[in-house]
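Data block for input.csv (CSV, C-alpha atoms):
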chain,number,residue,atom,x,y,z
A,39,MET,CA,0.0,0.0,0.0
A,40,PRO,CA,1.4,3.4,-0.9
A,41,LEU,CA,2.2,5.9,1.8
A,42,ASP,CA,-0.4,8.7,2.4
A,43,TRP,CA,1.9,11.6,2.0
A,44,SER,CA,-1.0,14.0,2.6
A,45,GLN,CA,-0.5,13.2,6.3
A,46,CYS,CA,3.1,14.4,6.3
A,47,ARG,CA,3.5,18.1,7.1
A,48,ALA,CA,6.9,18.4,5.4
A,49,VAL,CA,5.6,17.7,1.9
A,50,GLU,CA,2.9,19.0,-0.5
A,51,SER,CA,1.5,18.2,-3.9
A,52,VAL,CA,0.5,21.2,-5.9
A,53,PRO,CA,-1.2,20.6,-9.3
A,54,GLY,CA,0.9,22.1,-12.0
A,55,ARG,CA,4.1,22.1,-10.0
A,56,VAL,CA,6.5,19.3,-10.8
A,57,SER,CA,3.5,17.5,-12.4
A,58,GLY,CA,1.7,17.2,-9.1
A,59,ALA,CA,4.5,15.1,-7.5
A,60,TRP,CA,5.0,15.1,-3.8
A,61,VAL,CA,7.7,17.7,-3.1
A,62,PHE,CA,9.2,19.2,0.0
A,63,ARG,CA,6.9,22.0,1.2
A,64,GLY,CA,7.9,25.3,-0.4
A,65,THR,CA,10.3,23.7,-2.9
A,66,ARG,CA,10.3,21.9,-6.2
A,67,ILE,CA,12.4,19.1,-4.7
A,68,PRO,CA,10.6,15.7,-5.2
A,69,VAL,CA,10.4,13.5,-2.1
A,70,ALA,CA,11.4,10.6,-4.4
A,71,ALA,CA,14.8,12.3,-5.0
A,72,VAL,CA,15.7,11.7,-1.4
A,73,PHE,CA,14.9,8.0,-1.5
A,74,GLU,CA,16.7,7.6,-4.8
A,75,ASN,CA,19.8,9.2,-3.5
A,76,LEU,CA,19.7,7.2,-0.2
A,77,GLU,CA,19.4,4.1,-2.3
A,78,ASP,CA,22.5,5.1,-4.2
A,79,GLY,CA,24.4,5.3,-1.0
A,80,LEU,CA,24.4,9.1,-0.3
A,81,ALA,CA,24.2,10.3,3.3
A,82,ILE,CA,21.5,12.7,4.4
A,83,ASP,CA,24.0,15.6,4.7
A,84,GLU,CA,25.2,15.0,1.2
A,85,ILE,CA,21.6,15.0,-0.2
A,86,VAL,CA,20.9,18.3,1.7
A,87,GLN,CA,24.0,19.9,0.1
A,88,MET,CA,22.8,18.8,-3.3
A,89,PHE,CA,19.4,20.5,-3.1
A,90,ASP,CA,19.3,24.2,-2.4
A,91,GLY,CA,16.5,24.9,0.1
A,92,LEU,CA,16.3,21.4,1.5
A,93,THR,CA,17.0,21.0,5.2
A,94,ARG,CA,18.1,18.1,7.3
A,95,GLU,CA,15.0,18.5,9.4
A,96,GLN,CA,12.7,18.1,6.4
A,97,VAL,CA,14.5,15.0,5.3
A,98,LYS,CA,14.3,13.6,8.8
A,99,GLU,CA,10.6,14.3,9.1
A,100,VAL,CA,9.9,12.5,5.8
A,101,LEU,CA,12.0,9.5,6.8
A,102,ASP,CA,10.4,9.3,10.2
A,103,PHE,CA,6.9,9.6,8.6
A,104,ALA,CA,7.8,6.8,6.1
A,105,ALA,CA,9.2,4.6,8.9
A,106,GLN,CA,6.1,5.1,11.2
A,107,SER,CA,3.7,4.6,8.3
A,108,LEU,CA,5.3,1.3,7.3
A,109,ALA,CA,5.5,0.1,10.9
A,110,ALA,CA,1.8,0.8,11.5
A,111,PRO,CA,-0.6,-2.1,11.3
A,112,ALA,CA,-2.6,-2.2,8.1
A,113,ARG,CA,-5.9,-1.6,9.9
A,114,GLN,CA,-4.6,1.8,11.2
A,115,ARG,CA,-3.5,3.1,7.8
Could you rewrite the structure in this file as structure tokens?
Amino acid sequence: MPLDWSQCRAVESVPGRVSGAWVFRGTRIPVAAVFENLEDGLAIDEIVQMFDGLTREQVKEVLDFAAQSLAAPARQR
């Protein structure tokens, strides 16, 4: 089951901005970019340096949200 990003305060989806993809609030940085770069072995601090306007706190909030969502029993989602 996909994550319900609408419940994460650090992100937003705006029709017409980045094709409506989930991005970090107030930016055009797709949430997916963080996961792709983590998968490629980059550290959070390296990712933050790559994207102007992205903060470590935003990344941490998204990662915490994803971890909590995936750990929640299916009936609570």
* Hey, can you check how far atom CA of A:Gly54 sits from atom CA of A:Glu95? ->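 Result for atom CA of A:Gly54 versus atom CA of A:Glu95: 25.9 Å, one decimal.
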Show which residues sit within 8 Å of stretch 75-91 of chain A, as a list in words. Count all atoms listed in the file, and ignore same-chain residues fewer than 5 positions away.
Thr65, Ile67 and Val97 of chain A
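Across the structure, atom CA of A:Ala70 and atom CA of A:Ala105 are spaced 14.8 Å apart.
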Just the residues within 7 Å of A:Gln96, please, counting only C-alpha atoms, with nothing from its chain fewer than 4 positions along; format it as a JSON list (two decimals) with C-alpha atoms, in the frame of the given file.
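Everything below was put into result-v7.json:
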[["chain", "number", "residue", "atom", "x", "y", "z"],
["A", 48, "ALA", "CA", 6.90, 18.40, 5.40],
["A", 92, "LEU", "CA", 16.30, 21.40, 1.50],
["A", 100, "VAL", "CA", 9.90, 12.50, 5.80]]
Quiz item: Do you know which residues are at most 12 Å from A:Leu41 counting all atoms listed in the file, after dropping those on the same chain fewer than 6 positions away, and could you put them as a list of chain:residue names?
Solution: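 In the requested form, the answer reads A:Trp60, A:Val69, A:Val100, A:Leu101, A:Phe103, A:Ala104, A:Ala105, A:Gln106, A:Ser107, A:Leu108, A:Ala109, A:Ala110, A:Ala112, A:Arg115.
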Atom CA of A:Lys98 sits from atom CA of A:Pro53 at a separation of 24.8 Å
What's the 8 Å shell around A:Val56, counting all atoms listed in the file, without same-chain residues fewer than 4 positions away, as an mmCIF file with C-alpha atoms, in the frame of the given file?
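Okay, out_6.cif is ready:
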data_model
loop_
_atom_site.group_PDB
_atom_site.id
_atom_site.type_symbol
_atom_site.label_atom_id
_atom_site.label_comp_id
_atom_site.auth_asym_id
_atom_site.auth_seq_id
_atom_site.Cartn_x
_atom_site.Cartn_y
_atom_site.Cartn_z
ATOM 1 C CA VAL A 52 0.500 21.200 -5.900
ATOM 2 C CA VAL A 61 7.700 17.700 -3.100
ATOM 3 C CA ARG A 66 10.300 21.900 -6.200
ATOM 4 C CA PRO A 68 10.600 15.700 -5.200
#
